Amino acid sequence: MRTMRLAAGALGISLLTFGVAGLSGAAPTATTAAAADPSAGPTVMTDVWHGDAAVPAPPAVTRTRTLTDAQEAQPRRIPATIRRFSGPDAPVQSPTPRAMPASTSWDGIGATGVLPPDPSGEAGPSNFVQMVNDDIGSVYRVYDKAGSALTSTLSMGSLWPGGTFCNIDAAGDRLVLYDQTVDRWVLTQFTNAGAGPYYFCMAISKGSNPVSSGWWVYTFQTPNNRFPDYLKFAVWSDGYYMTANEFGDLKADNGVGIWAIDRTPMLTGAAATSIYFHLSKTYYGLEAADIDGPTLPPVGEAEHVMAYDQNNANRLLMWDVHADWVTPGNSTIT
């Protein structure tokens with residue numbers, strides 16, 4: 001488990017080796033198969049907007065967002081049946097060329113006043129990119145590995161043209177990934193206008209340099225007016241995967257969404273396909289496996305998704321997602 005401390009008005013960055021935190025009590029066991037779920041099968045969609053990013057993104061500016069009652073009531077919680085855990089993390093991967101000395105530390109993006117700030121960061125071969133929630137959505141900054149800032153604090157939403165959903169309704173819940181399989185950077189967040197339709201936004205760098213390469217930007221709409229809260233993204237061998245806790249116009253708990261997103265066209269800025277599965281509200285807080293380190297999954301290996309079982313203590317639920325990019329409608333979740 002990772003934590004970021006808020007101190008002296010800055011979000012500190014400490015690059016360490018992180019592992020998987022232990023669960024209190026008896027060791028968890030994985031079920032051989034997740035409980036049956038009435039998922040209706042895959043929904044295949046194409047992005048609703050894609051194109052070249054606005055360049056360069058201007059420094060973030062303060063903008064006051066007026067929250068509706070529904071937004072204020074946005075269910076951003078961990079169910080009482082899920083316990084919080086603490087304790088040291090054990091290294092789970094051998095050092096890689098992306099590794100940094102454990103003592104490397106510096107002050108990151110200054111506190112934005114938004115709670116939760118949800119700081120996120122990722123190391124690549126030469127850079128570290130940090131993202132934080134802000135009044136204008138997500139903001140990011142690029143550093144070298146000595147801690148020198150290579151950019152000012154930039155608005156992710158400003159990468160989209162003015163008037164587009166990911167520009168005017170950018171709302172944070174940010175995540176930054178370095179995709180070592182293709183040497184690219186990925187920035188993500190969602191939109192929130194207080195009522196549907198809802199979207200999630202992805203920017204993928206055109207090259208390996210997150211400062212000078214430029215970005216392709218994508219807007220994806222979520223099905224059935226479901227708000228995608230608590231977005232989690234992962235890099236896998238055949239594309240990007242996303243999970244989200246879903247809510248109907250921020251009111252009714254609608255379950256969990258799982259997306260597979262075709263990476264190949266995104267490398268050139270072409271239209272991208274997404275494959276979506278919906279699980280009932282029996283489940284919560286799913287996360288997909290993310291590649292880190294020199295050992296890649298076997299060719300054709302399905303993406304693995306896991307969740308803590310809210311109804312059975314010390315048990316984990318697991319799914320395999322196979323995305324068929326030749327015939328997306330044949331994709332499966334088991």
# chains A, B, ... in the order shown; residues from 1 in each chain; ligands from 1
call {"tool": "select_by_dssp", "arguments": {"residues": "segment 211-290 of chain A", "states": "alpha helix (DSSP H)", "output": "list in words"}}
result
Arg263, Thr264, Pro265 and Met266 of chain A
call {"tool": "write_last_selection", "arguments": {"atoms": "all heavy atoms", "output": "mmCIF file, in the first residue's frame"}}
result
data_model
loop_
_atom_site.group_PDB
_atom_site.id
_atom_site.type_symbol
_atom_site.label_atom_id
_atom_site.label_comp_id
_atom_site.auth_asym_id
_atom_site.auth_seq_id
_atom_site.Cartn_x
_atom_site.Cartn_y
_atom_site.Cartn_z
ATOM 1 N N ARG A 263 -4.707 -0.423 -27.727
ATOM 2 C CA ARG A 263 -3.580 0.506 -27.720
ATOM 3 C C ARG A 263 -3.043 0.786 -29.119
ATOM 4 O O ARG A 263 -2.594 1.913 -29.408
ATOM 5 C CB ARG A 263 -2.457 -0.067 -26.853
ATOM 6 C CG ARG A 263 -1.142 0.705 -26.939
ATOM 7 C CD ARG A 263 -0.094 0.114 -26.030
ATOM 8 N NE ARG A 263 -0.006 -1.318 -26.209
ATOM 9 C CZ ARG A 263 0.243 -2.176 -25.213
ATOM 10 N NH1 ARG A 263 0.430 -1.735 -23.991
ATOM 11 N NH2 ARG A 263 0.309 -3.474 -25.458
ATOM 12 N N THR A 264 -3.048 -0.208 -30.006
ATOM 13 C CA THR A 264 -2.356 -0.090 -31.288
ATOM 14 C C THR A 264 -2.747 1.164 -32.074
ATOM 15 O O THR A 264 -1.871 1.922 -32.503
ATOM 16 C CB THR A 264 -2.581 -1.350 -32.138
ATOM 17 O OG1 THR A 264 -2.072 -2.484 -31.421
ATOM 18 C CG2 THR A 264 -1.870 -1.240 -33.476
ATOM 19 N N PRO A 265 -4.045 1.463 -32.290
ATOM 20 C CA PRO A 265 -4.361 2.689 -33.037
ATOM 21 C C PRO A 265 -4.011 3.960 -32.277
ATOM 22 O O PRO A 265 -3.763 5.007 -32.910
ATOM 23 C CB PRO A 265 -5.874 2.578 -33.266
ATOM 24 C CG PRO A 265 -6.362 1.647 -32.211
ATOM 25 C CD PRO A 265 -5.258 0.680 -31.990
ATOM 26 N N MET A 266 -3.956 3.888 -30.953
ATOM 27 C CA MET A 266 -3.651 5.082 -30.171
ATOM 28 C C MET A 266 -2.199 5.518 -30.344
ATOM 29 O O MET A 266 -1.861 6.678 -30.083
ATOM 30 C CB MET A 266 -3.954 4.827 -28.692
ATOM 31 C CG MET A 266 -5.408 4.472 -28.418
ATOM 32 S SD MET A 266 -5.745 4.099 -26.678
ATOM 33 C CE MET A 266 -5.815 5.749 -25.976
#
call {"tool": "residues_around", "arguments": {"residues": "Lys232 of chain A", "least_positions_apart": "2", "cutoff": "9 Å", "atoms": "only C-alpha atoms", "output": "JSON, numbers by chain"}}
result
{"A": [174, 175, 230, 234, 241, 242, 243, 244, 286, 287, 288]}
call {"tool": "write_last_selection", "arguments": {"atoms": "C-alpha atoms", "output": "PDB file, in the first residue's frame"}}
result
ATOM      1  CA  ARG A 174      -6.171  11.183 -12.221  1.00  0.00           C
ATOM      2  CA  LEU A 175      -3.659   8.457 -12.990  1.00  0.00           C
ATOM      3  CA  TYR A 230     -12.439   5.521  -8.663  1.00  0.00           C
ATOM      4  CA  ALA A 234      -3.346  -0.832 -16.117  1.00  0.00           C
ATOM      5  CA  TYR A 241      -7.434  -1.895 -19.071  1.00  0.00           C
ATOM      6  CA  MET A 242      -9.638   0.213 -16.820  1.00  0.00           C
ATOM      7  CA  THR A 243     -11.935  -0.558 -13.891  1.00  0.00           C
ATOM      8  CA  ALA A 244     -14.412   1.803 -12.217  1.00  0.00           C
ATOM      9  CA  LEU A 286     -11.733  -4.157  -8.880  1.00  0.00           C
ATOM     10  CA  GLU A 287      -8.156  -3.625 -10.051  1.00  0.00           C
ATOM     11  CA  ALA A 288      -6.426  -4.975 -13.153  1.00  0.00           C
TER      12      ALA A 288
END
call {"tool": "atom_distance", "arguments": {"atom1": "atom CA of Pro116 of chain A", "atom2": "atom CA of Asn245 of chain A"}}
result
16.9 Å
call {"tool": "atom_distance", "arguments": {"atom1": "atom CA of Ala272 of chain A", "atom2": "atom CA of Thr219 of chain A"}}
result
9.8 Å
call {"tool": "residues_around", "arguments": {"residues": "Asn225 of chain A", "least_positions_apart": "3", "cutoff": "7 Å", "atoms": "only C-alpha atoms", "output": "ChimeraX atom specification"}}
result
/A:196-198,222,248-249
call {"tool": "write_last_selection", "arguments": {"atoms": "C-alpha atoms", "output": "JSON list (two decimals), in the first residue's frame"}}
result
[["chain", "number", "residue", "atom", "x", "y", "z"],
["A", 196, "GLY", "CA", -24.71, 12.23, -17.60],
["A", 197, "PRO", "CA", -23.48, 11.46, -20.11],
["A", 198, "TYR", "CA", -20.08, 10.76, -18.53],
["A", 222, "THR", "CA", -19.38, 5.34, -20.55],
["A", 248, "GLY", "CA", -26.21, 6.18, -11.98],
["A", 249, "ASP", "CA", -26.05, 9.98, -12.08]]
call {"tool": "closest_residue", "arguments": {"among": "A:Met318, A:Val44, A:Val217, A:Leu279", "to": "Ser158 of chain A", "atoms": "only C-alpha atoms"}}
result
A:Val217
call {"tool": "closest_residue", "arguments": {"among": "A:Gly51, A:Gly300, A:Pro42, A:Gly157", "to": "Ala271 of chain A", "atoms": "only C-alpha atoms"}}
result
A:Gly51
call {"tool": "residues_around", "arguments": {"residues": "Tyr240 of chain A", "least_positions_apart": "4", "cutoff": "12 Å", "atoms": "only C-alpha atoms", "output": "compact mmCIF listing (two decimals) with all heavy atoms, in the first residue's frame"}}
result
# COMPACT_ATOMS: atom_id res chain seq x y z
N LEU A 177 0.56 6.67 -16.17
CA LEU A 177 1.21 5.39 -16.42
C LEU A 177 2.38 5.60 -17.37
O LEU A 177 2.32 6.43 -18.28
CB LEU A 177 0.23 4.40 -17.08
CG LEU A 177 -1.01 3.99 -16.30
CD1 LEU A 177 -1.96 3.23 -17.23
CD2 LEU A 177 -0.65 3.13 -15.10
N TYR A 178 3.44 4.83 -17.17
CA TYR A 178 4.48 4.70 -18.19
C TYR A 178 4.32 3.31 -18.80
O TYR A 178 4.39 2.30 -18.09
CB TYR A 178 5.88 4.87 -17.61
CG TYR A 178 6.95 4.52 -18.62
CD1 TYR A 178 7.18 5.35 -19.72
CD2 TYR A 178 7.70 3.36 -18.49
CE1 TYR A 178 8.12 5.02 -20.68
CE2 TYR A 178 8.65 3.02 -19.44
CZ TYR A 178 8.86 3.86 -20.52
OH TYR A 178 9.80 3.53 -21.48
N ASP A 179 4.09 3.26 -20.09
CA ASP A 179 3.90 1.99 -20.80
C ASP A 179 5.23 1.54 -21.36
O ASP A 179 5.67 1.99 -22.42
CB ASP A 179 2.87 2.18 -21.92
CG ASP A 179 2.55 0.88 -22.64
OD1 ASP A 179 3.25 -0.13 -22.40
OD2 ASP A 179 1.60 0.88 -23.45
N THR A 181 6.05 -1.20 -22.64
CA THR A 181 5.97 -2.08 -23.81
C THR A 181 6.14 -1.30 -25.10
O THR A 181 6.55 -1.87 -26.13
CB THR A 181 4.66 -2.87 -23.85
OG1 THR A 181 3.57 -1.97 -24.09
CG2 THR A 181 4.43 -3.61 -22.54
N VAL A 182 5.80 -0.02 -25.09
CA VAL A 182 5.92 0.80 -26.30
C VAL A 182 6.64 2.12 -26.03
O VAL A 182 6.73 2.98 -26.91
CB VAL A 182 4.53 1.09 -26.92
CG1 VAL A 182 3.93 -0.17 -27.52
CG2 VAL A 182 3.58 1.70 -25.88
N TRP A 185 3.90 7.44 -22.56
CA TRP A 185 3.28 7.90 -21.33
C TRP A 185 1.77 8.02 -21.52
O TRP A 185 1.31 8.39 -22.61
CB TRP A 185 3.85 9.25 -20.91
CG TRP A 185 5.29 9.18 -20.49
CD1 TRP A 185 6.38 9.27 -21.30
CD2 TRP A 185 5.77 8.98 -19.17
NE1 TRP A 185 7.52 9.15 -20.56
CE2 TRP A 185 7.18 8.98 -19.24
CE3 TRP A 185 5.16 8.82 -17.92
CZ2 TRP A 185 7.99 8.81 -18.12
CZ3 TRP A 185 5.96 8.66 -16.80
CH2 TRP A 185 7.35 8.65 -16.90
N VAL A 186 1.00 7.74 -20.47
CA VAL A 186 -0.45 7.81 -20.53
C VAL A 186 -0.96 8.62 -19.34
O VAL A 186 -0.59 8.32 -18.19
CB VAL A 186 -1.09 6.41 -20.52
CG1 VAL A 186 -2.61 6.52 -20.62
CG2 VAL A 186 -0.55 5.56 -21.67
N LEU A 187 -1.78 9.63 -19.60
CA LEU A 187 -2.43 10.42 -18.56
C LEU A 187 -3.93 10.16 -18.63
O LEU A 187 -4.50 10.08 -19.72
CB LEU A 187 -2.17 11.92 -18.75
CG LEU A 187 -0.72 12.38 -18.95
CD1 LEU A 187 -0.68 13.89 -19.16
CD2 LEU A 187 0.14 11.98 -17.76
N THR A 188 -4.58 10.07 -17.48
CA THR A 188 -6.01 9.77 -17.47
C THR A 188 -6.75 10.59 -16.43
O THR A 188 -6.19 11.00 -15.42
CB THR A 188 -6.26 8.27 -17.16
OG1 THR A 188 -5.93 8.01 -15.79
CG2 THR A 188 -5.42 7.37 -18.06
N MET A 202 -8.16 10.08 -22.00
CA MET A 202 -6.83 9.49 -22.05
C MET A 202 -5.95 10.29 -23.00
O MET A 202 -6.36 10.60 -24.12
CB MET A 202 -6.88 8.04 -22.51
CG MET A 202 -7.66 7.10 -21.60
SD MET A 202 -7.66 5.38 -22.19
CE MET A 202 -5.91 4.96 -21.97
N ILE A 204 -2.09 10.00 -24.67
CA ILE A 204 -0.94 9.11 -24.84
C ILE A 204 0.15 9.87 -25.61
O ILE A 204 -0.13 10.52 -26.64
CB ILE A 204 -1.34 7.80 -25.57
CG1 ILE A 204 -0.13 6.89 -25.72
CG2 ILE A 204 -2.03 8.07 -26.89
CD1 ILE A 204 -0.48 5.47 -26.16
N LYS A 232 -9.27 3.06 -12.23
CA LYS A 232 -7.97 2.41 -12.13
C LYS A 232 -7.57 1.92 -13.51
O LYS A 232 -8.36 1.27 -14.19
CB LYS A 232 -8.01 1.23 -11.15
CG LYS A 232 -8.35 1.63 -9.72
CD LYS A 232 -7.31 2.57 -9.12
CE LYS A 232 -7.68 3.00 -7.72
NZ LYS A 232 -6.72 3.98 -7.17
N PHE A 233 -6.35 2.26 -13.92
CA PHE A 233 -5.85 1.86 -15.24
C PHE A 233 -4.66 0.92 -15.10
O PHE A 233 -3.94 0.95 -14.10
CB PHE A 233 -5.41 3.09 -16.05
CG PHE A 233 -6.54 3.87 -16.66
CD1 PHE A 233 -7.24 4.79 -15.91
CD2 PHE A 233 -6.91 3.67 -17.99
CE1 PHE A 233 -8.29 5.51 -16.46
CE2 PHE A 233 -7.95 4.39 -18.55
CZ PHE A 233 -8.64 5.30 -17.79
N ALA A 234 -4.47 0.10 -16.11
CA ALA A 234 -3.35 -0.83 -16.12
C ALA A 234 -2.82 -1.01 -17.54
O ALA A 234 -3.58 -0.94 -18.51
CB ALA A 234 -3.77 -2.19 -15.55
N VAL A 235 -1.51 -1.24 -17.62
CA VAL A 235 -0.86 -1.58 -18.88
C VAL A 235 -0.78 -3.10 -18.97
O VAL A 235 -0.33 -3.77 -18.03
CB VAL A 235 0.56 -0.99 -18.95
CG1 VAL A 235 1.29 -1.48 -20.20
CG2 VAL A 235 0.50 0.54 -18.93
N TRP A 236 -1.23 -3.66 -20.09
CA TRP A 236 -1.09 -5.09 -20.32
C TRP A 236 -0.49 -5.30 -21.70
O TRP A 236 -0.32 -4.32 -22.47
CB TRP A 236 -2.44 -5.79 -20.18
CG TRP A 236 -2.34 -7.27 -19.97
CD1 TRP A 236 -2.81 -8.26 -20.79
CD2 TRP A 236 -1.75 -7.94 -18.85
NE1 TRP A 236 -2.54 -9.50 -20.25
CE2 TRP A 236 -1.88 -9.33 -19.06
CE3 TRP A 236 -1.10 -7.49 -17.68
CZ2 TRP A 236 -1.39 -10.28 -18.16
CZ3 TRP A 236 -0.62 -8.43 -16.79
CH2 TRP A 236 -0.77 -9.81 -17.03
N ILE A 258 -15.64 -2.74 -16.43
CA ILE A 258 -14.31 -3.18 -16.83
C ILE A 258 -14.16 -2.88 -18.32
O ILE A 258 -15.00 -3.28 -19.13
CB ILE A 258 -14.11 -4.68 -16.58
CG1 ILE A 258 -14.34 -5.02 -15.10
CG2 ILE A 258 -12.72 -5.12 -17.03
CD1 ILE A 258 -14.31 -6.52 -14.83
N TRP A 259 -13.11 -2.17 -18.67
CA TRP A 259 -12.85 -1.81 -20.07
C TRP A 259 -11.52 -2.39 -20.53
O TRP A 259 -10.54 -2.39 -19.77
CB TRP A 259 -12.76 -0.29 -20.24
CG TRP A 259 -14.03 0.48 -20.24
CD1 TRP A 259 -14.74 0.94 -21.31
CD2 TRP A 259 -14.77 0.91 -19.08
NE1 TRP A 259 -15.85 1.63 -20.91
CE2 TRP A 259 -15.90 1.62 -19.53
CE3 TRP A 259 -14.57 0.76 -17.71
CZ2 TRP A 259 -16.82 2.19 -18.67
CZ3 TRP A 259 -15.49 1.31 -16.83
CH2 TRP A 259 -16.61 2.02 -17.31
N ALA A 260 -11.47 -2.83 -21.77
CA ALA A 260 -10.23 -3.09 -22.48
C ALA A 260 -10.16 -2.05 -23.60
O ALA A 260 -11.16 -1.81 -24.29
CB ALA A 260 -10.20 -4.50 -23.06
N ILE A 261 -9.01 -1.43 -23.78
CA ILE A 261 -8.87 -0.34 -24.75
C ILE A 261 -7.73 -0.69 -25.69
O ILE A 261 -6.61 -1.00 -25.25
CB ILE A 261 -8.60 0.99 -24.02
CG1 ILE A 261 -9.75 1.28 -23.04
CG2 ILE A 261 -8.45 2.13 -25.02
CD1 ILE A 261 -9.39 2.23 -21.94
N ASP A 262 -8.00 -0.66 -26.97
CA ASP A 262 -7.02 -1.08 -27.99
C ASP A 262 -5.91 -0.04 -28.10
O ASP A 262 -6.14 1.10 -28.53
CB ASP A 262 -7.73 -1.25 -29.33
CG ASP A 262 -6.86 -1.94 -30.36
OD1 ASP A 262 -5.72 -2.32 -30.02
OD2 ASP A 262 -7.32 -2.12 -31.51
N ARG A 263 -4.71 -0.42 -27.73
CA ARG A 263 -3.58 0.51 -27.72
C ARG A 263 -3.04 0.79 -29.12
O ARG A 263 -2.59 1.91 -29.41
CB ARG A 263 -2.46 -0.07 -26.85
CG ARG A 263 -1.14 0.71 -26.94
CD ARG A 263 -0.09 0.11 -26.03
NE ARG A 263 -0.01 -1.32 -26.21
CZ ARG A 263 0.24 -2.18 -25.21
NH1 ARG A 263 0.43 -1.73 -23.99
NH2 ARG A 263 0.31 -3.47 -25.46
N THR A 264 -3.05 -0.21 -30.01
CA THR A 264 -2.36 -0.09 -31.29
C THR A 264 -2.75 1.16 -32.07
O THR A 264 -1.87 1.92 -32.50
CB THR A 264 -2.58 -1.35 -32.14
OG1 THR A 264 -2.07 -2.48 -31.42
CG2 THR A 264 -1.87 -1.24 -33.48
N PRO A 265 -4.04 1.46 -32.29
CA PRO A 265 -4.36 2.69 -33.04
C PRO A 265 -4.01 3.96 -32.28
O PRO A 265 -3.76 5.01 -32.91
CB PRO A 265 -5.87 2.58 -33.27
CG PRO A 265 -6.36 1.65 -32.21
CD PRO A 265 -5.26 0.68 -31.99
N MET A 266 -3.96 3.89 -30.95
CA MET A 266 -3.65 5.08 -30.17
C MET A 266 -2.20 5.52 -30.34
O MET A 266 -1.86 6.68 -30.08
CB MET A 266 -3.95 4.83 -28.69
CG MET A 266 -5.41 4.47 -28.42
SD MET A 266 -5.74 4.10 -26.68
CE MET A 266 -5.81 5.75 -25.98
N ALA A 272 -9.91 4.58 -31.72
CA ALA A 272 -9.62 3.44 -30.86
C ALA A 272 -10.90 2.77 -30.40
O ALA A 272 -11.90 3.42 -30.08
CB ALA A 272 -8.80 3.88 -29.65
N THR A 273 -10.87 1.45 -30.34
CA THR A 273 -12.00 0.65 -29.88
C THR A 273 -11.85 0.33 -28.41
O THR A 273 -10.75 0.09 -27.92
CB THR A 273 -12.08 -0.67 -30.68
OG1 THR A 273 -12.30 -0.37 -32.06
CG2 THR A 273 -13.19 -1.58 -30.16
N SER A 274 -12.98 0.32 -27.68
CA SER A 274 -12.99 -0.15 -26.30
C SER A 274 -14.01 -1.27 -26.16
O SER A 274 -15.02 -1.30 -26.86
CB SER A 274 -13.31 0.98 -25.33
OG SER A 274 -14.64 1.43 -25.50
N ILE A 275 -13.71 -2.21 -25.29
CA ILE A 275 -14.59 -3.34 -25.00
C ILE A 275 -14.98 -3.24 -23.53
O ILE A 275 -14.11 -3.15 -22.66
CB ILE A 275 -13.87 -4.68 -25.28
CG1 ILE A 275 -13.46 -4.76 -26.75
CG2 ILE A 275 -14.75 -5.86 -24.89
CD1 ILE A 275 -12.48 -5.88 -27.04
N ALA A 288 -7.03 -4.12 -12.13
CA ALA A 288 -6.43 -4.97 -13.15
C ALA A 288 -4.92 -5.05 -12.95
O ALA A 288 -4.29 -4.11 -12.45
CB ALA A 288 -6.74 -4.42 -14.55
N ALA A 289 -4.33 -6.17 -13.35
CA ALA A 289 -2.88 -6.36 -13.25
C ALA A 289 -2.17 -5.38 -14.18
O ALA A 289 -2.59 -5.15 -15.31
CB ALA A 289 -2.51 -7.79 -13.61
N ASP A 290 -1.07 -4.81 -13.69
CA ASP A 290 -0.30 -3.81 -14.43
C ASP A 290 1.13 -4.32 -14.59
O ASP A 290 1.71 -4.83 -13.63
CB ASP A 290 -0.32 -2.49 -13.66
CG ASP A 290 0.49 -1.41 -14.35
OD1 ASP A 290 0.14 -1.03 -15.47
OD2 ASP A 290 1.48 -0.94 -13.75
N ILE A 291 1.69 -4.17 -15.78
CA ILE A 291 3.05 -4.65 -16.05
C ILE A 291 4.07 -3.67 -15.47
O ILE A 291 4.05 -2.48 -15.79
CB ILE A 291 3.30 -4.81 -17.55
CG1 ILE A 291 2.36 -5.86 -18.14
CG2 ILE A 291 4.75 -5.20 -17.81
CD1 ILE A 291 2.46 -5.96 -19.65
N GLU A 303 -5.81 -10.69 -19.43
CA GLU A 303 -5.64 -9.74 -18.33
C GLU A 303 -6.30 -10.31 -17.08
O GLU A 303 -7.37 -10.93 -17.15
CB GLU A 303 -6.26 -8.39 -18.69
CG GLU A 303 -6.36 -7.39 -17.54
CD GLU A 303 -5.02 -6.95 -16.99
OE1 GLU A 303 -4.36 -7.78 -16.34
OE2 GLU A 303 -4.65 -5.77 -17.16
N VAL A 321 -9.88 -11.52 -18.31
CA VAL A 321 -10.50 -10.79 -19.41
C VAL A 321 -9.69 -11.05 -20.67
O VAL A 321 -8.49 -10.73 -20.72
CB VAL A 321 -10.57 -9.28 -19.13
CG1 VAL A 321 -11.25 -8.56 -20.30
CG2 VAL A 321 -11.32 -9.01 -17.83
N ALA A 323 -9.49 -9.96 -24.47
CA ALA A 323 -9.94 -9.03 -25.49
C ALA A 323 -9.58 -9.57 -26.87
O ALA A 323 -8.41 -9.84 -27.15
CB ALA A 323 -9.30 -7.66 -25.28
call {"tool": "select_by_dssp", "arguments": {"residues": "segment 97-220 of chain A", "states": "strand (DSSP E or B)", "output": "VMD selection string"}}
result
chain A and resid 105 to 110 120 to 123 127 to 134 137 to 144 149 154 to 155 170 175 to 179 184 to 191 199 to 205 215 to 220
call {"tool": "write_last_selection", "arguments": {"atoms": "C-alpha atoms", "output": "tab-separated table (two decimals), in the first residue's frame"}}
result
chain	number	residue	atom	x	y	z
A	105	SER	CA	13.21	12.73	-2.70
A	106	TRP	CA	11.92	16.19	-3.48
A	107	ASP	CA	8.86	18.42	-3.05
A	108	GLY	CA	6.26	17.78	-5.71
A	109	ILE	CA	3.27	19.79	-6.90
A	110	GLY	CA	2.07	22.22	-4.25
A	120	SER	CA	-0.23	9.74	-8.60
A	121	GLY	CA	3.21	9.32	-10.09
A	122	GLU	CA	5.20	7.06	-12.39
A	123	ALA	CA	8.86	6.65	-13.29
A	127	ASN	CA	11.56	11.09	-16.19
A	128	PHE	CA	9.12	11.07	-13.32
A	129	VAL	CA	5.60	12.42	-13.97
A	130	GLN	CA	3.31	13.44	-11.10
A	131	MET	CA	-0.44	14.16	-11.26
A	132	VAL	CA	-2.73	15.73	-8.62
A	133	ASN	CA	-6.41	16.70	-8.46
A	134	ASP	CA	-7.13	20.41	-8.86
A	137	GLY	CA	-9.45	18.71	-13.02
A	138	SER	CA	-6.08	17.00	-13.05
A	139	VAL	CA	-2.75	18.80	-13.23
A	140	TYR	CA	0.63	17.26	-13.95
A	141	ARG	CA	4.32	18.12	-13.88
A	142	VAL	CA	7.34	16.41	-15.44
A	143	TYR	CA	10.65	16.00	-13.58
A	144	ASP	CA	14.00	14.52	-14.37
A	149	ALA	CA	11.05	20.26	-12.76
A	154	LEU	CA	0.08	21.86	-16.44
A	155	SER	CA	-3.63	21.21	-16.86
A	170	ALA	CA	-12.42	17.77	-16.52
A	175	LEU	CA	-3.66	8.46	-12.99
A	176	VAL	CA	-0.34	8.49	-14.86
A	177	LEU	CA	1.21	5.39	-16.42
A	178	TYR	CA	4.48	4.70	-18.19
A	179	ASP	CA	3.90	1.99	-20.80
A	184	ARG	CA	4.94	5.89	-24.11
A	185	TRP	CA	3.28	7.90	-21.33
A	186	VAL	CA	-0.45	7.81	-20.53
A	187	LEU	CA	-2.43	10.42	-18.56
A	188	THR	CA	-6.01	9.77	-17.47
A	189	GLN	CA	-8.96	11.40	-15.68
A	190	PHE	CA	-12.77	11.52	-15.87
A	191	THR	CA	-15.36	14.20	-16.57
A	199	TYR	CA	-16.69	10.34	-20.13
A	200	PHE	CA	-13.14	9.30	-19.32
A	201	CYS	CA	-10.16	10.95	-20.95
A	202	MET	CA	-6.83	9.49	-22.05
A	203	ALA	CA	-3.74	11.25	-23.40
A	204	ILE	CA	-0.94	9.11	-24.84
A	205	SER	CA	2.42	10.61	-25.71
A	215	TRP	CA	0.18	13.96	-27.19
A	216	TRP	CA	-2.70	12.15	-28.85
A	217	VAL	CA	-5.89	12.67	-26.85
A	218	TYR	CA	-9.02	10.50	-26.59
A	219	THR	CA	-12.51	10.84	-25.13
A	220	PHE	CA	-14.53	7.70	-24.34
call {"tool": "closest_residue", "arguments": {"among": "A:His322, A:Ser237, A:Asn209, A:Gly269", "to": "Leu150 of chain A", "atoms": "only C-alpha atoms"}}
result
A:Asn209
call {"tool": "decode", "arguments": {"residues": "segment 128-140 of chain A", "atoms": "N, CA and C atoms", "output": "mmCIF file, in the first residue's frame"}}
result
data_model
loop_
_atom_site.group_PDB
_atom_site.id
_atom_site.type_symbol
_atom_site.label_atom_id
_atom_site.label_comp_id
_atom_site.auth_asym_id
_atom_site.auth_seq_id
_atom_site.Cartn_x
_atom_site.Cartn_y
_atom_site.Cartn_z
ATOM 1 N N PHE A 128 10.187 11.395 -14.260
ATOM 2 C CA PHE A 128 9.119 11.072 -13.320
ATOM 3 C C PHE A 128 7.994 12.068 -13.576
ATOM 4 N N VAL A 129 6.760 11.568 -13.727
ATOM 5 C CA VAL A 129 5.600 12.421 -13.966
ATOM 6 C C VAL A 129 4.653 12.293 -12.781
ATOM 7 N N GLN A 130 4.246 13.423 -12.222
ATOM 8 C CA GLN A 130 3.312 13.439 -11.102
ATOM 9 C C GLN A 130 2.009 14.096 -11.538
ATOM 10 N N MET A 131 0.876 13.572 -11.018
ATOM 11 C CA MET A 131 -0.439 14.161 -11.257
ATOM 12 C C MET A 131 -1.155 14.341 -9.922
ATOM 13 N N VAL A 132 -1.990 15.397 -9.842
ATOM 14 C CA VAL A 132 -2.726 15.726 -8.623
ATOM 15 C C VAL A 132 -4.083 16.299 -9.033
ATOM 16 N N ASN A 133 -5.105 16.069 -8.224
ATOM 17 C CA ASN A 133 -6.405 16.699 -8.456
ATOM 18 C C ASN A 133 -6.328 18.205 -8.212
ATOM 19 N N ASP A 134 -7.086 18.949 -8.991
ATOM 20 C CA ASP A 134 -7.135 20.412 -8.865
ATOM 21 C C ASP A 134 -8.559 20.866 -9.153
ATOM 22 N N ASP A 135 -8.870 22.125 -8.871
ATOM 23 C CA ASP A 135 -10.192 22.666 -9.176
ATOM 24 C C ASP A 135 -10.524 22.564 -10.657
ATOM 25 N N ILE A 136 -9.510 22.549 -11.502
ATOM 26 C CA ILE A 136 -9.750 22.493 -12.943
ATOM 27 C C ILE A 136 -9.573 21.071 -13.482
ATOM 28 N N GLY A 137 -9.648 20.093 -12.610
ATOM 29 C CA GLY A 137 -9.453 18.713 -13.024
ATOM 30 C C GLY A 137 -8.108 18.210 -12.546
ATOM 31 N N SER A 138 -7.393 17.519 -13.397
ATOM 32 C CA SER A 138 -6.075 16.996 -13.051
ATOM 33 C C SER A 138 -4.986 17.918 -13.572
ATOM 34 N N VAL A 139 -3.926 18.068 -12.779
ATOM 35 C CA VAL A 139 -2.749 18.803 -13.227
ATOM 36 C C VAL A 139 -1.548 17.869 -13.130
ATOM 37 N N TYR A 140 -0.546 18.128 -13.955
ATOM 38 C CA TYR A 140 0.633 17.258 -13.948
ATOM 39 C C TYR A 140 1.897 18.088 -14.118
#
